[in-house]
Protein chains: 2
Amino acid sequence: MDLNTCAHLLEEMENILILTHARPDGDTLGSAAALCHCLRTMGKNACLYNNPEITEKFLPFVQDYLAPKGFEAKAVVAVDLADQGLFPRGYSGVVDLCIDHHPSNSGYACETLLKATKASCGEIIYEVILALRGNLEKEEADLLYMAVSTDTGCFCYANTRGDTLKTAALLVEAGADNWKINKLMFRTFSRSRLVLEGLIYASLRSYRENRINIAVITKEMMQQAGATENDCDDIASLPGRVEGNQISATVRELDNGESKISLRSIETYNSSEICAQFGGGGHAMAAGCSMACGPTEAAERILQAILEVMG
Amino acid sequence: MDLNTCAHLLEEMENILILTHARPDGDTLGSAAALCHCLRTMGKNACLYNNPEITEKFLPFVQDYLAPKGFEAKAVVAVDLADQGLFPRGYSGVVDLCIDHHPSNSGYACETLLKATKASCGEIIYEVILALRGNLEKEEADLLYMAVSTDTGCFCYANTRGDTLKTAALLVEAGADNWKINKLMFRTFSRSRLVLEGLIYASLRSYRENRINIAVITKEMMQQAGATENDCDDIASLPGRVEGNQISATVRELDNGESKISLRSIETYNSSEICAQFGGGGHAMAAGCSMACGPTEAAERILQAILEVMG
């Protein structure tokens, strides 16, 4: 399905419910709210599904768009939602149109606009809004800037392409408050997260001239930081930030007395093969496994396995 | 002076020495090396002044361009260098041409191409190279991407404008390895820096529901982390990253037994006025002062001053 067909389909819809994915991030929420804003300026009745997992950080950006109680949808549009298994909690039903950028999109919707080369769904919504109304309003620019920037780690991740930066440029020129959004998204952290990072770095174990780095996260550290699962986003990447790192491991103490290990490596080594020794697996540069022992012993065991591979 | 005049001037130069500024960063080094590469492809003899302060992180990007012993310059070009006080260590002499983006440029050079609205000098060099040769080579795209991205904190800082992102897009399309450069510049840290951050966050003092955050950095912490001044870049911004922060202070224990305080605040409060109480000063949102006491007492004193203002 192409852009114009998608725009025509949206033009014909009324009472539109827009779905975001489970554990919603900046891309699904920013894309949904921007599309909703555009549809409303066209005189349509449109709302976001009241996804119960929206976190405090994103709520101010989307609350004006959330569906009131008793909203009766005649059409359902999903954005950035690759599979029915990722439906927001409480939703089950037909999806008339899906707009997405995930190559893994399962084709669950009646119609799908899929652009799998895009770094974010926000970039597609940008094109959809231009096709629908011909211009971009400031509110939409803000929301789409949030979508594009969060899905690319502020243009730092490997998915950032020339056209990603080009769209971001156009969003800023359309009035997006990029600095304010950047500060909230990339330079603000919960106190618990910062203290947890502090405890992790202060106890970081480094070997072989920092080529191996192991972070251990005990239940006591979580408690001391007042941290919950919400504070653990991307925590497995932290030990790999050390200059000269080649293989890093993050060892987490679990409630059941076992330990969970996340392994990351440069191309030279195969993380998946190392984890397979302990019944785990994954990808060549990122894999995981579990061990039926406490974190200190688990850290020692994974270190020995890494040393063996490094030779 | 306009772009074309600048290009003509460069075309007439021979044996060109390119100056970077003291404590060189990614912008001055990337700009200088990209310009040097372009001038060499035009058949000219061009080199970078052997700035003795180039750090390990940047050396691989510029080492092919550094002047050999005995290089005799007939023309000197400075990039990203705002004032003679910022000359690289060991250089004193005339500068024939300066290409810069600092509004504070003192006009010390014989000729100056100044574009003070640009976030980075790299964006100007991009235009200069196009004016000189009409195209951009991959090596130059890499170097200029390093320049633009580092001066904007990977497009996160307030100086990032639409045209900054547009130039970045063109650099990526010209072949810049943005992901590799991003990983080196923004996701790699010395082990000492990470351990120091760890010790700072693990001991962070927060008050008034995290509206006030104070970081204390003692000499013992520096020692424990194995950290030097090189590991302290932008360290005063760390306590302000706490969600809900309004005023943050970083207190550093000095060798002479005194303490140095860096204060940061949101617009509502005046950092400069608070620091003035202790004989210091600065800007409304970022100021500093010194106290003739140890860090624990200094942290307590600045906290009391902040509480008084916050009411």
# chains A, B, ... in the order shown; residues from 1 in each chain; ligands from 1
$ residues_around --residues "Asp2 of chain A" --least-positions-apart "6" --cutoff "10 Å" --atoms "only C-alpha atoms" --output "VMD selection string"
chain A and resid 112 to 115
$ interface_residues --of "chain A" --to "chain B" --cutoff "6 Å" --atoms "only C-alpha atoms" --output "ChimeraX atom specification"
/A:156,158,162,165-166,169,172-173,179,182,187-191,194-195,198-199,201-202,241-243
$ atom_distance --atom1 "atom CA of Leu254 of chain A" --atom2 "atom CA of Gly281 of chain A"
18.6 Å
$ residues_around --residues "Ala46 of chain B" --least-positions-apart "5" --cutoff "9 Å" --atoms "only C-alpha atoms" --output "ChimeraX atom specification"
/B:14-18,36-37,39-40,65,67,73
$ atom_distance --atom1 "atom CA of Met221 of chain A" --atom2 "atom CA of Asn230 of chain B"
29.0 Å
$ select_by_dssp --residues "segment 211-277 of chain B" --states "helix (DSSP H, G or I)" --output "list in words"
Lys219, Glu220, Met221, Met222, Gln223, Gln224, Ala225, Glu229, Asn230, Asp231, Ile235, Ala236, Ser237, Pro239, Gly240, Arg241, Ser271, Ser272, Glu273, Ile274, Cys275 and Ala276 of chain B
$ write_last_selection --atoms "N, CA and C atoms" --output "PDB file, in the first residue's frame"
ATOM      1  N   LYS B 219      38.958  14.702  46.791  1.00  0.00           N
ATOM      2  CA  LYS B 219      40.231  14.240  46.228  1.00  0.00           C
ATOM      3  C   LYS B 219      40.326  12.721  46.340  1.00  0.00           C
ATOM      4  N   GLU B 220      39.755  12.191  47.404  1.00  0.00           N
ATOM      5  CA  GLU B 220      39.791  10.735  47.602  1.00  0.00           C
ATOM      6  C   GLU B 220      39.006  10.023  46.492  1.00  0.00           C
ATOM      7  N   MET B 221      37.854  10.596  46.102  1.00  0.00           N
ATOM      8  CA  MET B 221      37.073   9.995  45.013  1.00  0.00           C
ATOM      9  C   MET B 221      37.857  10.015  43.704  1.00  0.00           C
ATOM     10  N   MET B 222      38.519  11.149  43.446  1.00  0.00           N
ATOM     11  CA  MET B 222      39.320  11.265  42.220  1.00  0.00           C
ATOM     12  C   MET B 222      40.393  10.178  42.204  1.00  0.00           C
ATOM     13  N   GLN B 223      41.026   9.995  43.377  1.00  0.00           N
ATOM     14  CA  GLN B 223      42.094   9.009  43.516  1.00  0.00           C
ATOM     15  C   GLN B 223      41.548   7.589  43.333  1.00  0.00           C
ATOM     16  N   GLN B 224      40.426   7.327  44.001  1.00  0.00           N
ATOM     17  CA  GLN B 224      39.815   5.993  43.931  1.00  0.00           C
ATOM     18  C   GLN B 224      39.453   5.634  42.485  1.00  0.00           C
ATOM     19  N   ALA B 225      39.007   6.642  41.715  1.00  0.00           N
ATOM     20  CA  ALA B 225      38.621   6.405  40.321  1.00  0.00           C
ATOM     21  C   ALA B 225      39.832   6.431  39.396  1.00  0.00           C
ATOM     22  N   GLU B 229      42.093  15.573  35.430  1.00  0.00           N
ATOM     23  CA  GLU B 229      41.276  16.662  34.871  1.00  0.00           C
ATOM     24  C   GLU B 229      40.615  16.246  33.554  1.00  0.00           C
ATOM     25  N   ASN B 230      41.323  15.424  32.760  1.00  0.00           N
ATOM     26  CA  ASN B 230      40.781  14.957  31.482  1.00  0.00           C
ATOM     27  C   ASN B 230      39.477  14.182  31.634  1.00  0.00           C
ATOM     28  N   ASP B 231      39.250  13.622  32.823  1.00  0.00           N
ATOM     29  CA  ASP B 231      38.039  12.830  33.051  1.00  0.00           C
ATOM     30  C   ASP B 231      36.892  13.682  33.597  1.00  0.00           C
ATOM     31  N   ILE B 235      31.475  17.826  34.022  1.00  0.00           N
ATOM     32  CA  ILE B 235      31.091  17.088  35.239  1.00  0.00           C
ATOM     33  C   ILE B 235      30.058  17.879  36.049  1.00  0.00           C
ATOM     34  N   ALA B 236      30.054  19.214  35.885  1.00  0.00           N
ATOM     35  CA  ALA B 236      29.122  20.049  36.649  1.00  0.00           C
ATOM     36  C   ALA B 236      27.676  19.864  36.200  1.00  0.00           C
ATOM     37  N   SER B 237      27.472  19.181  35.062  1.00  0.00           N
ATOM     38  CA  SER B 237      26.091  18.983  34.611  1.00  0.00           C
ATOM     39  C   SER B 237      25.457  17.733  35.225  1.00  0.00           C
ATOM     40  N   PRO B 239      24.694  16.399  38.417  1.00  0.00           N
ATOM     41  CA  PRO B 239      23.586  16.373  39.378  1.00  0.00           C
ATOM     42  C   PRO B 239      22.284  16.948  38.813  1.00  0.00           C
ATOM     43  N   GLY B 240      22.384  17.800  37.802  1.00  0.00           N
ATOM     44  CA  GLY B 240      21.193  18.399  37.201  1.00  0.00           C
ATOM     45  C   GLY B 240      20.397  17.442  36.344  1.00  0.00           C
ATOM     46  N   ARG B 241      20.902  16.224  36.137  1.00  0.00           N
ATOM     47  CA  ARG B 241      20.184  15.253  35.310  1.00  0.00           C
ATOM     48  C   ARG B 241      19.051  14.559  36.049  1.00  0.00           C
ATOM     49  N   SER B 271      21.343  31.749  39.473  1.00  0.00           N
ATOM     50  CA  SER B 271      22.563  31.122  39.995  1.00  0.00           C
ATOM     51  C   SER B 271      23.618  32.164  40.338  1.00  0.00           C
ATOM     52  N   SER B 272      23.724  33.159  39.480  1.00  0.00           N
ATOM     53  CA  SER B 272      24.756  34.182  39.655  1.00  0.00           C
ATOM     54  C   SER B 272      24.571  34.920  40.984  1.00  0.00           C
ATOM     55  N   GLU B 273      23.310  35.244  41.313  1.00  0.00           N
ATOM     56  CA  GLU B 273      23.044  35.965  42.574  1.00  0.00           C
ATOM     57  C   GLU B 273      23.395  35.108  43.790  1.00  0.00           C
ATOM     58  N   ILE B 274      23.103  33.817  43.709  1.00  0.00           N
ATOM     59  CA  ILE B 274      23.436  32.923  44.828  1.00  0.00           C
ATOM     60  C   ILE B 274      24.960  32.866  45.007  1.00  0.00           C
ATOM     61  N   CYS B 275      25.686  32.740  43.895  1.00  0.00           N
ATOM     62  CA  CYS B 275      27.147  32.635  43.975  1.00  0.00           C
ATOM     63  C   CYS B 275      27.783  33.958  44.427  1.00  0.00           C
ATOM     64  N   ALA B 276      27.117  35.067  44.106  1.00  0.00           N
ATOM     65  CA  ALA B 276      27.641  36.383  44.501  1.00  0.00           C
ATOM     66  C   ALA B 276      27.749  36.509  46.020  1.00  0.00           C
TER      67      ALA B 276
END
$ closest_residue --among "A:Gly311, A:Gly30, A:Gly288, A:Gly279" --to "Pro60 of chain A" --atoms "only C-alpha atoms"
A:Gly30
$ residues_around --residues "Ala147 of chain A" --least-positions-apart "5" --cutoff "9 Å" --atoms "only C-alpha atoms" --output "number ranges by chain"
A: 25-31, 120-123, 142, 152
